[in-house]
Structure formats: structure tokens, C-alpha cells
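I have placed the structure first, in the form of C-alpha cells, so that the comments after it can refer back to it.
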Amino acid sequence: MQQSALKVLAGPILKKLSVDNVTLWLVTSQPVDLTLTLLPEGETKRTFPLKQTPFKHNTQTRDKTSSTTLPEHRCIQVGEHLYIHLVHLSLASPLPTDCWVGYQLAFHNEHNAGVTLTELLSDICYPERDTPGFVVHTKLRKMLHGSCRKPHHDSPDGLVIADNLLSSLQEEPLQWPSLLMMTGDQIYADDVATPMLAAIHSVIPTLGIDNETFADSTVADSRSLHSEQALYNHRVQILPNDKHSQKLRIPLFKSAEKPVFTTVHANNHLVSFAEVITMYLLCWSPQCWENASTEKPQSIDKQSATGAQTVDEYQNELTLIEQFVSGLSQARRVMAHLPCPMMFDDHDVTDDWNLTADWEQTAYGNDFSRRIIGNALMAYLLCQGWGNSPHSFSDKLLSKVQTSLNDLGCAEHDDTISELLEFEQWHYQWPTSPKLLVLDTRTQRWWSESNANKPSGLMDWESLTELQQALINEPAVVLVSPAPIFGVKLIEAIQRVFTRIGKPLMVDAENWMAHPGSANYLLNLFTHRKTPQNFVILSGDVHYSYAYHVKLKRRRNSPDIWQITSSGLRNTFPEGLLNWLDRLNRWLYAPYSPLNIFTKRRNMRVTPLKPSHASAGERLVNGSGVGLVELDNEGKPIQISQLLADEKIHFEHDN
């Protein structure tokens with residue numbers, strides 16, 4: 001990469017947005033100062049020079065109620081040609097609401113004198129506009145949401161579908177959704193196609209990311225991992241093999257052992273920090289693909305026949321990756337125009353992340369597995385978490401991250417990972433109307449007291465208590481839980497059976513009802529008379545979509561609870577299996593079925609909404625796309641839809 005050729009490697013992604021705040025995330029190939037120009041329609045433009053502010057290592061976490069003290073432009077250097085920027089602009093004069101606000105970025109350094117975003121990215125605007133832009137809505141009236149975007153899945157991309165929606169409404173920006181909520185699995189660090197891993201390795205040298213050394217590993221450092229020991233399709237071989245590390249292998253099937261990284265697709269699991277951060281760039285922008293190579297690595301053909309990938313298999317994956325790449329300019333464009341709050345789920349780090357107490361103790365008890373998880377979490381902080389809630393991350397923490405990136409594998413790197421694993425502010429809330437509350441259901445789990453191999457509760461007592469306080473006296477709320485709170489009862493019953501025979505990992509038994517303590521506390525929140533009258537719960541995770549309307553039995557003024565699940569953006573459930581599960585669930589757990597008395601939700605009436613295209617007995621939608629929810633003035637859904645590539649499906653009460 002030429003030093004004089006400034007590139008926007010990813011972004012801009014519009015993050016937190018309000019009348020007095022604009023937060024943008026982007027990645028450049030050079031250090032730059034920025035100038036942000038806001039162009040409210042019918043008003044004078046506003047120009048803000050944004051010089052980088054260095055981190056102060058001894059600064060404590062700021063008051064969460066104050067955003068005005070945050071610097072306007074922060075930058076973390078990840079590699080010689082890789083700089084992550086966060087713009088967090090607080091405005092003395094509020095922006096107008098419910099109108100188009102264009103924006104422009106200019107980049108300044110010794111090689112570039114004010115080159116603009118639209119000059120660098122000619123496809124970042126919609127055809128009728130000269131700049132990208134956004135609308136600050138007074139209320140959350142429409143929301144897009146989705147999860148589970150796997151690059152090599154054979155299906156359309158939900159972000160492209162979202163972009164098509166905005167494009168169709170480009171002359172009516174007031175009809176745009178207020179935000180695009182991404183509810184988990186924005187990347188798949190644990191399930192990577194071989195052509196994608198080859199592309200990652202071809203791009204890393206152009207970014208100039210520091211070499212990373214490993215402990216407790218047969219691979220000495222990332223330089224080896226990215227070249228002669230890349231181990232395409234054989235990543236499970238680099239798990240430690242001494243006596244202590246045998247605990248990392250959990251036998252689930254007689255024919256094979258699954259490592260602590262329990263995904264069945266772990267053969268290309270990302271390991272180094274460079275691999276994870278590059279995965280983000282390749283999933284969110286077409287820019288780095290210009291320097292990427294997807295030619296089949298010669299080392300694949302030299303591996304043993306066991307687990308080797310055939311030419312046809314590689315080509316099939318490559319075809320899907322090329323299809324994914326063809327839509328990245330649209331994915332980049334939609335994220336530049338809609339606020340994009342995000343929350344991790346397991347695949348952003350690794351499958352079954354923190355599923356049980358035993359899993360946690362095993363994974364974090366080994367230096368190498370701890371590093372793999374920590375690298376993914378550090379990349380999440382930089383690419384997702386930081387922009388969600390800038391005030392949650394102190395200068396002290398960000399300075400430690402920068403020090404770690406300057407010497408990957410050093411003691412400071414491991415110390416930073418330890419701090420991130422103990423970090424308790426991944427969840428966040430936005431002061432929208434209704435309030436947006438985004439839950440962390442991965443890092444604050446409630447361990448089973450009876451058996452360390454039983455599934456943990458998705459949130460512990462302290463975090464649930466904090467949630468209750470955030471709900472008090474709110475008339476309505478949009479609650480984001482990556483895993484559905486009200487799931488498909490039959491599937492939960494199957495997961496419960498496998499848990500009882502000691503095999504929770506076999507069926508990903510991580511649902512809210514799997515842990516009695518957290519389940520009962522959560523359900524009691526809905527019965528509290530000072531909590532909202534309208535709950536809209538947005539979820540993903542499960543690779544199918546559905547909507548439930550939930551009411552409390554025997555209560556005249558029951559709140560209205562809406563479980564709305566959209567998954568995946570680019571992933572689906574096995575078609576035949578889901579059809580059977582859907583119909584059996586409908587037959588066995590219909591609203592008036594006696595089997596409901598054996599569930600923890602027996603005091604609630606859960607009514608599935610019928611998809612507009614459904615045949616008799618069908619309530620689940622299996623297709624890649626993006627969810628669309630429209631709310632009335634009181635925060636109650638008036639339309640729930642799933643946008644697929646070729647149709648719009650509405651969820652309706654079955655009359």
C-alpha cells in the first residue's frame with residue numbers, strides 16, 4: 001500500500017445519533033485529521049475541524065451521564081497502514097429533527113490537503129444526493145434489525161436488502177427507519193471459509209499489523225500462523241496437547257472430539273488479533289478486497305488427506321464469497337446512513353461463548369485459548385463496542401489497548417485481555433423515545449449452582465437488578481436481547497433434555513429459560529407494576545424469524561410484550577428440520593395446550609403471529625433478510641415485517 005494513497009478501509013459507519021450528538025466510526029490507511037461538515041436541509045452548513053486527541057493513560061472512567069467531556073476525534077493505530085477513528089461530536093446547537101442532514105468528511109495530513117469522503121468513495125451516496133446523510137427522528141417509529149451475517153452462507157445479504165429499502169425511499173428520507181439494530185454475530189470468527197481465510201492472510205501484510213507471539217501453542221507467532229503454519233482446514237490441530245490442555249477437548253460424539261471452541265466448523269477458527277480485525281474490514285467494506293487474493297493456497301494441497309478440502313469445495317466457497325463481496329458497497333452505504341447500534345453474540349468471539357461455568361473455567365484457564373477469545377473481544381471493542389457507548393471506555397483502558405497493539409503478545413496485551421474479560425459495561429442504553437436498552441447476555445452470566453456443566457443464566461442477579469432499575473417508570477421500551485427471551489418452546493424442551501443428560505453443548509442450550517434463577521427474575525420484571533406497558537423485544541441468534549404477542553394471564557392491565565426475532569442477515573436454519581419443528585411446536589404448544597403448564601411461562605399467554613405467506617401450522621420464517629418494526633406513538637408495534645430478497649412478509653394475528 002503506497003504511503004501517499006489514502007484509503008478509507010472501512011466505514012464510515014454512523015453510530016450513536018441524537019439532536020446534540022453525532023458519532024461516526026471509520027478506518028483509514030494513514031493518520032489523518034478530519035473536518036466534519038453537517039448540511040441540514042434548508043439551514044447553513046456547520047463545519048467542525050476535528051484534530052486527534054491523544055489518550056491520557058491515568059484518566060479514570062468518565063461520568064456516564066456526561067458526553068460533553070469526550071474528545072471529538074480519537075484514533076487508535078492498529079498497524080502501519082491501519083488507523084481506527086471514532087468521531088464523537090457534541091453540538092452546542094441542536095440539529096433539526098425529521099429532516100435530511102447531509103454530512104461530508106475531509107481528510108488532512110502531509111500527503112492530502114482536504115480530500116473528501118465522496119472523492120475517495122464515489123459510491124457512498126444515494127443517486128439523488130451529493131453527500132451521505134441521516135435523519136434525526138423525534139421518536140423511534142421504524143427500526144430495522146437483524147443478526148447472523150455469515151459471508152459464505154448461500155443466501156442473499158440482509159444489509160443489501162436494507163440498502164435497497166433506503167434506495168427506494170431516497171426521495172422520502174422521513175420514511176427511513178430510525179436505526180439499524182445489529183443484534184449479534186456481525187462476523188463469524190469461528191466459522192470461516194477457506195477462501196476468506198486466504199484473503200485475510202493476503203491482506204494482513206498490506207496493513208502492517210505487528211507480529212503477535214503466542215504462549216502454550218505449537219505455533220510461535222502470528223507471522224508463522226499467517227504463512228507456513230496457516231493450517232487451512234486444520235486449525236483444531238494447534239490447540240495445546242499437553243496433559244493439562246486435554247481438558248480443552250470435550251467429547252460430544254463417539255467419532256470425534258470437539259475442542260473448547262465447540263463449533264463444528266472450527267477448522268478455520270480465527271486466532272490472531274490481525275486475523276480478527278482484518279475479518280471486520282473484509283465483512284464491512286469492499287476496499288481491502290482490492291488487495292486480497294483468494295487463490296487456493298498451495299499448502300492446502302500438501303496437507304494430509306484427512307479433512308483436506310477438494311478443489312470443488314474450495315470453488316463452491318469462493319463463489320459464495322464473491323457473491324458476498326459484490327454487495328459490500330451497498331452494505332457500507334446503508335451503514336453510513338442509519339445509526340447502527342450493535343451487540344455481540346457468540347460467533348463474534350467463538351461458538352457457545354460462556355455457555356457453562358465449566359466452559360469458562362476451561363477456556364480461560366489456558367493461555368492460548370484465553371488469548372484467542374481476548375483477541376476477538378479486543379477487536380469487538382474497537383469495531384463495535386466503542387461506538388455504541390463512547391463514554392463507557394476510559395482513556396486508561398483505550399491507552400492500554402493502544403500499548404498492546406504496539407507489541408502484540410507482550411505482558412500488557414495479556415493484561416488488557418484480562419481487563420476486557422472482567423469489563424462490565426458492554427451493555428448500554430440510548431435516550432430515544434421509546435428508550436433503547438441493549439443487553440449483554442454473554443459476559444455477566446449466572447453460573448449454575450447445582451452443576452458446572454449446566455447452562456448458565458444469560459444475565460446474573462446484579463445485571464438483572466440494574467436492568468430493572470432502568471425500566472422503572474418507563475412507559476415503553478425497546479429491549480434488545482441477542483437470544484430471544486420468548487423462544488420456540490419445543491426447541492427449548494429439546495435443549496432441556498440434552499442438558500439433563502449432560503450434553504448442553506451439543507444443542508447450544510443457551511436460552512433464557514434454561515437457568516431457573518435468571519429466568520424467574522426476568523419473568524418477574526414483566527409483572528412489576530412500575531415497568532413499561534409496552535415491551536418490544538428485538539432478538540436474533542436462532543437463524544429463523546418470528547413474532548409473538550405475550551400477555552399476563554389473570555391480570556386486567558397486563559403489559560403488552562412483543563418478542564420479535566429476525567435472523568439471519570445471511571444465514572438460515574436447515575429447511576426440512578425447521579418445518580417439522582415449527583409444526584410440532586404449533587401442535588404441542590398451542591396457546592391453550594396443557595403442555596404449557598410445564599413451562600416457566602405458564603402464567604403468560606404467548607400467541608404466535610402468523611406470517612402472511614404461511615400455510616397451516618407455520619409460524620417461523622426461514623430466509624435471509626432483515627426485520628422491520630413500525631411503532632405507534634405509545635411504542636406499540638403496528639406492523640412487524642421480515643424483508644427478504646424477493647418478498648415482504650408481515651406477521652399478523654391469526655383471526
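Each chain in the C-alpha cells gets a letter, A, B and so on, in the order shown; residues start at 1 in every chain, and ligands are counted from 1 in the order they appear.
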
Set the distance at 6 Å and use only C-alpha atoms: which residues neighbour range 182-199 of chain A once local chain neighbours fewer than 2 positions away are removed? I'd like the list as a tab-separated table (two decimals) with all heavy atoms, in the first residue's frame.
```tsv
chain	number	residue	atom	x	y	z
A	145	HIS	N	-33.73	-4.45	11.99
A	145	HIS	CA	-32.90	-5.22	12.92
A	145	HIS	C	-32.59	-6.59	12.31
A	145	HIS	O	-33.36	-7.12	11.49
A	145	HIS	CB	-33.60	-5.38	14.28
A	145	HIS	CG	-34.84	-6.22	14.26
A	145	HIS	ND1	-34.96	-7.42	14.91
A	145	HIS	CD2	-36.05	-6.03	13.65
A	145	HIS	CE1	-36.16	-7.93	14.73
A	145	HIS	NE2	-36.85	-7.11	13.97
A	146	GLY	N	-31.46	-7.13	12.72
A	146	GLY	CA	-31.06	-8.45	12.23
A	146	GLY	C	-29.76	-8.90	12.87
A	146	GLY	O	-29.07	-8.13	13.54
A	147	SER	N	-29.45	-10.17	12.68
A	147	SER	CA	-28.22	-10.76	13.24
A	147	SER	C	-27.74	-11.85	12.30
A	147	SER	O	-28.39	-12.19	11.30
A	147	SER	CB	-28.50	-11.35	14.63
A	147	SER	OG	-29.29	-12.53	14.52
A	148	CYS	N	-26.57	-12.40	12.63
A	148	CYS	CA	-26.08	-13.62	11.98
A	148	CYS	C	-25.78	-13.40	10.49
A	148	CYS	O	-26.55	-13.83	9.62
A	148	CYS	CB	-27.06	-14.78	12.16
A	148	CYS	SG	-27.54	-15.06	13.90
A	149	ARG	N	-24.67	-12.76	10.22
A	149	ARG	CA	-24.27	-12.46	8.84
A	149	ARG	C	-23.00	-13.24	8.51
A	149	ARG	O	-21.89	-12.79	8.75
A	149	ARG	CB	-24.05	-10.95	8.69
A	149	ARG	CG	-23.77	-10.47	7.28
A	149	ARG	CD	-23.92	-8.96	7.20
A	149	ARG	NE	-23.53	-8.43	5.91
A	149	ARG	CZ	-22.36	-7.85	5.64
A	149	ARG	NH1	-21.45	-7.70	6.62
A	149	ARG	NH2	-22.09	-7.39	4.44
A	201	HIS	N	-5.22	-13.51	5.07
A	201	HIS	CA	-3.76	-13.62	5.13
A	201	HIS	C	-3.08	-12.81	4.04
A	201	HIS	O	-1.96	-12.32	4.23
A	201	HIS	CB	-3.34	-15.09	5.04
A	201	HIS	CG	-3.71	-15.87	6.26
A	201	HIS	ND1	-3.76	-17.26	6.29
A	201	HIS	CD2	-4.06	-15.47	7.51
A	201	HIS	CE1	-4.10	-17.67	7.49
A	201	HIS	NE2	-4.29	-16.60	8.25
A	202	SER	N	-3.73	-12.64	2.91
A	202	SER	CA	-3.13	-11.85	1.84
A	202	SER	C	-3.21	-10.35	2.12
A	202	SER	O	-2.39	-9.57	1.63
A	202	SER	CB	-3.81	-12.16	0.49
A	202	SER	OG	-5.13	-11.65	0.45
A	265	HIS	N	-17.45	-26.10	12.87
A	265	HIS	CA	-16.75	-25.52	11.72
A	265	HIS	C	-15.46	-24.83	12.14
A	265	HIS	O	-15.02	-23.88	11.50
A	265	HIS	CB	-17.66	-24.52	11.01
A	265	HIS	CG	-18.99	-25.09	10.60
A	265	HIS	ND1	-19.12	-26.00	9.59
A	265	HIS	CD2	-20.24	-24.88	11.10
A	265	HIS	CE1	-20.41	-26.33	9.45
A	265	HIS	NE2	-21.11	-25.68	10.36
A	266	ALA	N	-14.83	-25.30	13.23
A	266	ALA	CA	-13.68	-24.60	13.81
A	266	ALA	C	-12.39	-24.81	13.04
A	266	ALA	O	-11.35	-24.31	13.47
A	266	ALA	CB	-13.49	-25.05	15.26
A	268	ASN	N	-11.16	-23.46	10.57
A	268	ASN	CA	-10.51	-22.21	10.17
A	268	ASN	C	-10.74	-21.11	11.20
A	268	ASN	O	-10.80	-19.93	10.86
A	268	ASN	CB	-11.04	-21.75	8.80
A	268	ASN	CG	-10.47	-22.55	7.65
A	268	ASN	OD1	-9.32	-22.99	7.69
A	268	ASN	ND2	-11.27	-22.78	6.63
A	269	HIS	N	-10.86	-21.49	12.46
A	269	HIS	CA	-11.13	-20.53	13.53
A	269	HIS	C	-10.04	-19.44	13.54
A	269	HIS	O	-8.85	-19.73	13.49
A	269	HIS	CB	-11.13	-21.24	14.88
A	269	HIS	CG	-11.85	-20.51	15.96
A	269	HIS	ND1	-11.51	-19.25	16.39
A	269	HIS	CD2	-12.92	-20.88	16.74
A	269	HIS	CE1	-12.32	-18.87	17.37
A	269	HIS	NE2	-13.19	-19.83	17.60
A	270	LEU	N	-10.48	-18.18	13.60
A	270	LEU	CA	-9.52	-17.08	13.68
A	270	LEU	C	-8.80	-17.14	15.02
A	270	LEU	O	-9.41	-17.44	16.05
A	270	LEU	CB	-10.23	-15.74	13.51
A	270	LEU	CG	-11.01	-15.55	12.21
A	270	LEU	CD1	-11.63	-14.16	12.16
A	270	LEU	CD2	-10.13	-15.78	10.98
A	292	ALA	N	-6.79	-8.15	-1.95
A	292	ALA	CA	-6.93	-9.52	-1.44
A	292	ALA	C	-6.75	-10.54	-2.55
A	292	ALA	O	-7.10	-10.31	-3.70
A	292	ALA	CB	-8.30	-9.69	-0.78
A	293	SER	N	-6.23	-11.69	-2.14
A	293	SER	CA	-6.11	-12.82	-3.06
A	293	SER	C	-6.91	-13.99	-2.51
A	293	SER	O	-6.80	-14.33	-1.33
A	293	SER	CB	-4.65	-13.23	-3.22
A	293	SER	OG	-4.55	-14.46	-3.93
A	294	THR	N	-7.71	-14.59	-3.35
A	294	THR	CA	-8.48	-15.78	-2.95
A	294	THR	C	-8.00	-17.02	-3.70
A	294	THR	O	-8.71	-18.02	-3.77
A	294	THR	CB	-9.98	-15.56	-3.21
A	294	THR	OG1	-10.18	-15.16	-4.56
A	294	THR	CG2	-10.54	-14.50	-2.28
A	318	LEU	N	-15.67	-20.20	-2.67
A	318	LEU	CA	-15.21	-18.99	-3.34
A	318	LEU	C	-16.35	-18.30	-4.07
A	318	LEU	O	-16.47	-17.06	-4.05
A	318	LEU	CB	-14.07	-19.32	-4.30
A	318	LEU	CG	-13.48	-18.14	-5.09
A	318	LEU	CD1	-12.99	-17.05	-4.16
A	318	LEU	CD2	-12.37	-18.63	-6.01
A	342	MET	N	-24.95	-1.91	17.97
A	342	MET	CA	-24.56	-3.31	17.81
A	342	MET	C	-24.37	-3.96	19.17
A	342	MET	O	-24.09	-3.30	20.16
A	342	MET	CB	-23.25	-3.42	17.01
A	342	MET	CG	-23.28	-2.79	15.64
A	342	MET	SD	-21.65	-2.85	14.83
A	342	MET	CE	-22.00	-1.96	13.30
A	343	MET	N	-24.50	-5.29	19.20
A	343	MET	CA	-24.18	-6.06	20.39
A	343	MET	C	-23.63	-7.41	19.96
A	343	MET	O	-24.10	-8.00	18.99
A	343	MET	CB	-25.41	-6.24	21.27
A	343	MET	CG	-25.19	-7.11	22.52
A	343	MET	SD	-23.70	-6.72	23.49
A	343	MET	CE	-24.13	-5.15	24.21
A	344	PHE	N	-22.61	-7.87	20.70
A	344	PHE	CA	-22.02	-9.16	20.35
A	344	PHE	C	-22.93	-10.32	20.69
A	344	PHE	O	-23.81	-10.23	21.55
A	344	PHE	CB	-20.65	-9.36	21.00
A	344	PHE	CG	-20.58	-9.11	22.49
A	344	PHE	CD1	-21.49	-9.65	23.38
A	344	PHE	CD2	-19.57	-8.31	23.01
A	344	PHE	CE1	-21.41	-9.43	24.74
A	344	PHE	CE2	-19.48	-8.07	24.38
A	344	PHE	CZ	-20.39	-8.63	25.24
A	345	ASP	N	-22.72	-11.43	19.99
A	345	ASP	CA	-23.22	-12.73	20.40
A	345	ASP	C	-22.04	-13.69	20.26
A	345	ASP	O	-20.90	-13.25	20.04
A	345	ASP	CB	-24.43	-13.15	19.59
A	345	ASP	CG	-25.33	-14.13	20.36
A	345	ASP	OD1	-25.02	-14.42	21.53
A	345	ASP	OD2	-26.33	-14.61	19.81
A	347	HIS	N	-20.73	-15.90	18.05
A	347	HIS	CA	-19.87	-16.06	16.89
A	347	HIS	C	-18.96	-14.86	16.65
A	347	HIS	O	-17.97	-14.98	15.92
A	347	HIS	CB	-20.71	-16.36	15.64
A	347	HIS	CG	-21.43	-17.66	15.71
A	347	HIS	ND1	-20.79	-18.88	15.70
A	347	HIS	CD2	-22.76	-17.94	15.82
A	347	HIS	CE1	-21.67	-19.85	15.78
A	347	HIS	NE2	-22.88	-19.31	15.87
A	348	ASP	N	-19.28	-13.71	17.24
A	348	ASP	CA	-18.34	-12.59	17.19
A	348	ASP	C	-17.05	-12.93	17.92
A	348	ASP	O	-16.01	-12.30	17.68
A	348	ASP	CB	-18.96	-11.34	17.84
A	348	ASP	CG	-20.11	-10.78	17.04
A	348	ASP	OD1	-19.87	-10.28	15.93
A	348	ASP	OD2	-21.27	-10.86	17.51
A	349	VAL	N	-17.12	-13.95	18.79
A	349	VAL	CA	-15.95	-14.39	19.56
A	349	VAL	C	-15.68	-15.87	19.29
A	349	VAL	O	-14.69	-16.24	18.67
A	349	VAL	CB	-16.15	-14.13	21.06
A	349	VAL	CG1	-14.97	-14.65	21.88
A	349	VAL	CG2	-16.35	-12.63	21.30
A	350	THR	N	-16.58	-16.74	19.74
A	350	THR	CA	-16.50	-18.17	19.43
A	350	THR	C	-17.80	-18.82	19.84
A	350	THR	O	-18.50	-18.36	20.75
A	350	THR	CB	-15.32	-18.85	20.16
A	350	THR	OG1	-15.13	-20.17	19.64
A	350	THR	CG2	-15.53	-18.92	21.67
A	482	PRO	N	-29.86	-10.45	22.42
A	482	PRO	CA	-29.41	-11.25	21.28
A	482	PRO	C	-30.11	-12.60	21.18
A	482	PRO	O	-30.51	-13.02	20.09
A	482	PRO	CB	-27.91	-11.39	21.54
A	482	PRO	CG	-27.55	-10.12	22.24
A	482	PRO	CD	-28.73	-9.84	23.15
A	540	GLY	N	-32.15	-12.05	17.84
A	540	GLY	CA	-31.65	-12.74	16.65
A	540	GLY	C	-31.23	-14.15	17.01
A	540	GLY	O	-31.98	-14.92	17.58
```

If you run DSSP on this backbone, which residues of range 85-150 of chain A come out as alpha helix (DSSP H), and could you give them as JSON, numbers by chain?
-> {"A": [117, 118, 119, 120]}

Polymer residues at most 8 Å from Thr118 in chain A, only C-alpha atoms, same-chain spacing of 5 or more positions, as a count of residues only = 5

Enumerate as a list in words all residues of range 139-178 of chain A assigned to strand (DSSP E or B) by DSSP on the backbone, naming them with the chain letters and numbers the document uses.
-> Lys142, Met143, Leu144, His145, Gly146 and Arg149 of chain A

Export of prior selection with N, CA, C and O atoms as an mmCIF file, in the first residue's frame:
```cif
data_model
loop_
_atom_site.group_PDB
_atom_site.id
_atom_site.type_symbol
_atom_site.label_atom_id
_atom_site.label_comp_id
_atom_site.auth_asym_id
_atom_site.auth_seq_id
_atom_site.Cartn_x
_atom_site.Cartn_y
_atom_site.Cartn_z
ATOM 1 N N LYS A 142 -39.741 3.562 13.146
ATOM 2 C CA LYS A 142 -39.392 2.389 12.354
ATOM 3 C C LYS A 142 -37.984 1.955 12.741
ATOM 4 O O LYS A 142 -37.103 2.792 12.936
ATOM 5 N N MET A 143 -37.790 0.652 12.823
ATOM 6 C CA MET A 143 -36.475 0.099 13.136
ATOM 7 C C MET A 143 -36.198 -1.104 12.245
ATOM 8 O O MET A 143 -37.065 -1.973 12.091
ATOM 9 N N LEU A 144 -35.018 -1.139 11.671
ATOM 10 C CA LEU A 144 -34.518 -2.352 11.038
ATOM 11 C C LEU A 144 -33.698 -3.122 12.064
ATOM 12 O O LEU A 144 -33.024 -2.514 12.916
ATOM 13 N N HIS A 145 -33.728 -4.446 11.987
ATOM 14 C CA HIS A 145 -32.902 -5.222 12.920
ATOM 15 C C HIS A 145 -32.592 -6.586 12.312
ATOM 16 O O HIS A 145 -33.359 -7.119 11.489
ATOM 17 N N GLY A 146 -31.455 -7.133 12.720
ATOM 18 C CA GLY A 146 -31.058 -8.451 12.228
ATOM 19 C C GLY A 146 -29.764 -8.900 12.869
ATOM 20 O O GLY A 146 -29.066 -8.131 13.542
ATOM 21 N N ARG A 149 -24.668 -12.765 10.217
ATOM 22 C CA ARG A 149 -24.271 -12.456 8.844
ATOM 23 C C ARG A 149 -22.997 -13.238 8.505
ATOM 24 O O ARG A 149 -21.888 -12.787 8.750
#
```

Just the residues within 7 Å of Leu643 in chain A, please, counting only C-alpha atoms, with nothing from its chain fewer than 4 positions along; format it as a list in words.
->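 Once the nearby chain positions are removed, what remains is Gly625, Val626, Gly627, Glu647, Lys648 and Ile649 of chain A.
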
Selected residues written out with all heavy atoms, as a CSV table (one decimal), in the first residue's frame:
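Output below, filename out_26.csv:
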```csv
chain,number,residue,atom,x,y,z
A,625,GLY,N,-32.7,-12.1,5.5
A,625,GLY,CA,-33.2,-10.8,5.2
A,625,GLY,C,-33.0,-9.9,6.4
A,625,GLY,O,-32.1,-10.1,7.2
A,626,VAL,N,-33.9,-9.0,6.6
A,626,VAL,CA,-33.8,-8.0,7.7
A,626,VAL,C,-35.2,-7.7,8.2
A,626,VAL,O,-36.2,-7.7,7.5
A,626,VAL,CB,-33.1,-6.7,7.2
A,626,VAL,CG1,-33.8,-6.0,6.2
A,626,VAL,CG2,-32.7,-5.8,8.4
A,627,GLY,N,-35.3,-7.6,9.5
A,627,GLY,CA,-36.6,-7.3,10.1
A,627,GLY,C,-36.9,-5.8,10.1
A,627,GLY,O,-36.0,-4.9,10.2
A,647,GLU,N,-39.6,-10.8,-1.3
A,647,GLU,CA,-40.9,-10.5,-0.8
A,647,GLU,C,-40.8,-9.9,0.6
A,647,GLU,O,-39.8,-9.9,1.2
A,647,GLU,CB,-41.7,-11.8,-0.7
A,647,GLU,CG,-41.1,-12.8,0.3
A,647,GLU,CD,-42.0,-14.1,0.3
A,647,GLU,OE1,-43.3,-13.9,0.3
A,647,GLU,OE2,-41.5,-15.2,0.4
A,648,LYS,N,-41.9,-9.2,1.0
A,648,LYS,CA,-42.0,-8.6,2.3
A,648,LYS,C,-43.1,-9.4,3.0
A,648,LYS,O,-44.3,-9.5,2.6
A,648,LYS,CB,-42.4,-7.2,2.2
A,648,LYS,CG,-42.6,-6.5,3.5
A,648,LYS,CD,-42.9,-5.0,3.3
A,648,LYS,CE,-43.0,-4.2,4.6
A,648,LYS,NZ,-43.3,-2.8,4.4
A,649,ILE,N,-42.7,-10.0,4.1
A,649,ILE,CA,-43.6,-10.9,4.9
A,649,ILE,C,-44.1,-10.1,6.1
A,649,ILE,O,-43.3,-9.6,6.9
A,649,ILE,CB,-42.9,-12.2,5.3
A,649,ILE,CG1,-42.6,-13.0,4.1
A,649,ILE,CG2,-43.8,-13.0,6.3
A,649,ILE,CD1,-41.7,-14.2,4.4
```

With only C-alpha atoms as the atoms that count, which of A:Phe535, A:Trp587, A:Phe48, A:Phe573 lies nearest to Val478 in chain A?
-> A:Phe535

May I have the residues within 7 Å of range 21-31 of chain A as a PyMOL selection string, using only C-alpha atoms and disregarding those fewer than 5 positions away in the same chain?
-> chain A and resi 6-16+81-91+387

Write out as a ChimeraX atom specification each polymer residue whose atoms come within 10 Å of Gln639 in chain A, counting only C-alpha atoms; drop sequence neighbours fewer than 5 positions from it.
-> /A:142,628-632,650-652

How would the residues just picked look written out with N, CA and C atoms as a short mmCIF file (atom, residue, chain, number, x, y, z; two decimals), in the first residue's frame?
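Written out: part_10.cif:
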```cif
data_model
loop_
_atom_site.label_atom_id
_atom_site.label_comp_id
_atom_site.auth_asym_id
_atom_site.auth_seq_id
_atom_site.Cartn_x
_atom_site.Cartn_y
_atom_site.Cartn_z
N LYS A 142 -39.74 3.56 13.15
CA LYS A 142 -39.39 2.39 12.35
C LYS A 142 -37.98 1.95 12.74
N LEU A 628 -38.19 -5.47 10.01
CA LEU A 628 -38.67 -4.09 10.04
C LEU A 628 -39.84 -4.01 11.01
N VAL A 629 -39.72 -3.13 12.01
CA VAL A 629 -40.76 -2.94 13.01
C VAL A 629 -41.21 -1.48 12.97
N GLU A 630 -42.52 -1.28 12.92
CA GLU A 630 -43.08 0.07 12.93
C GLU A 630 -43.91 0.25 14.20
N LEU A 631 -43.66 1.36 14.92
CA LEU A 631 -44.29 1.61 16.21
C LEU A 631 -45.24 2.79 16.13
N ASP A 632 -46.26 2.79 17.01
CA ASP A 632 -47.13 3.96 17.12
C ASP A 632 -46.56 4.91 18.16
N HIS A 650 -45.40 -10.06 6.35
CA HIS A 650 -45.98 -9.41 7.52
C HIS A 650 -46.38 -10.48 8.54
N PHE A 651 -46.18 -10.16 9.82
CA PHE A 651 -46.66 -11.03 10.90
C PHE A 651 -47.96 -10.46 11.43
N GLU A 652 -48.98 -11.31 11.48
CA GLU A 652 -50.32 -10.85 11.83
C GLU A 652 -50.97 -11.81 12.81
#
```

Report the distance between CA of Ala470 in chain A and CA of Leu398 in chain A in Å, rounded to one decimal place.
->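 Going from CA of Ala470 in chain A over to CA of Leu398 in chain A, I get 26.9 Å.
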
Nearest to Leu282 in chain A: which of A:Ser615, A:Ser155, A:Asn451, A:Ser329 is it, counting only C-alpha atoms?
->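 Of the candidates, the smallest distance to Leu282 in chain A is held by A:Ser329.
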
Quick one, how far is CA of Ala363 in chain A from CA of Pro151 in chain A?
->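 Between CA of Ala363 in chain A and CA of Pro151 in chain A the gap works out to 26.5 Å.
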
Excluding Trp100 in chain A and residues on its chain fewer than 5 positions from it, collect all residues at most 12 Å away from it, counting only C-alpha atoms, and give them as a VMD selection string.
-> chain A and resid 38 to 43 95 129 131 to 137 170 to 176 337 to 338

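Among the candidate residues A:Glu449, A:Glu290, A:Glu510, A:Glu313, the one lying nearest to Asn233 in chain A is A:Glu313, with distances computed using only C-alpha atoms.
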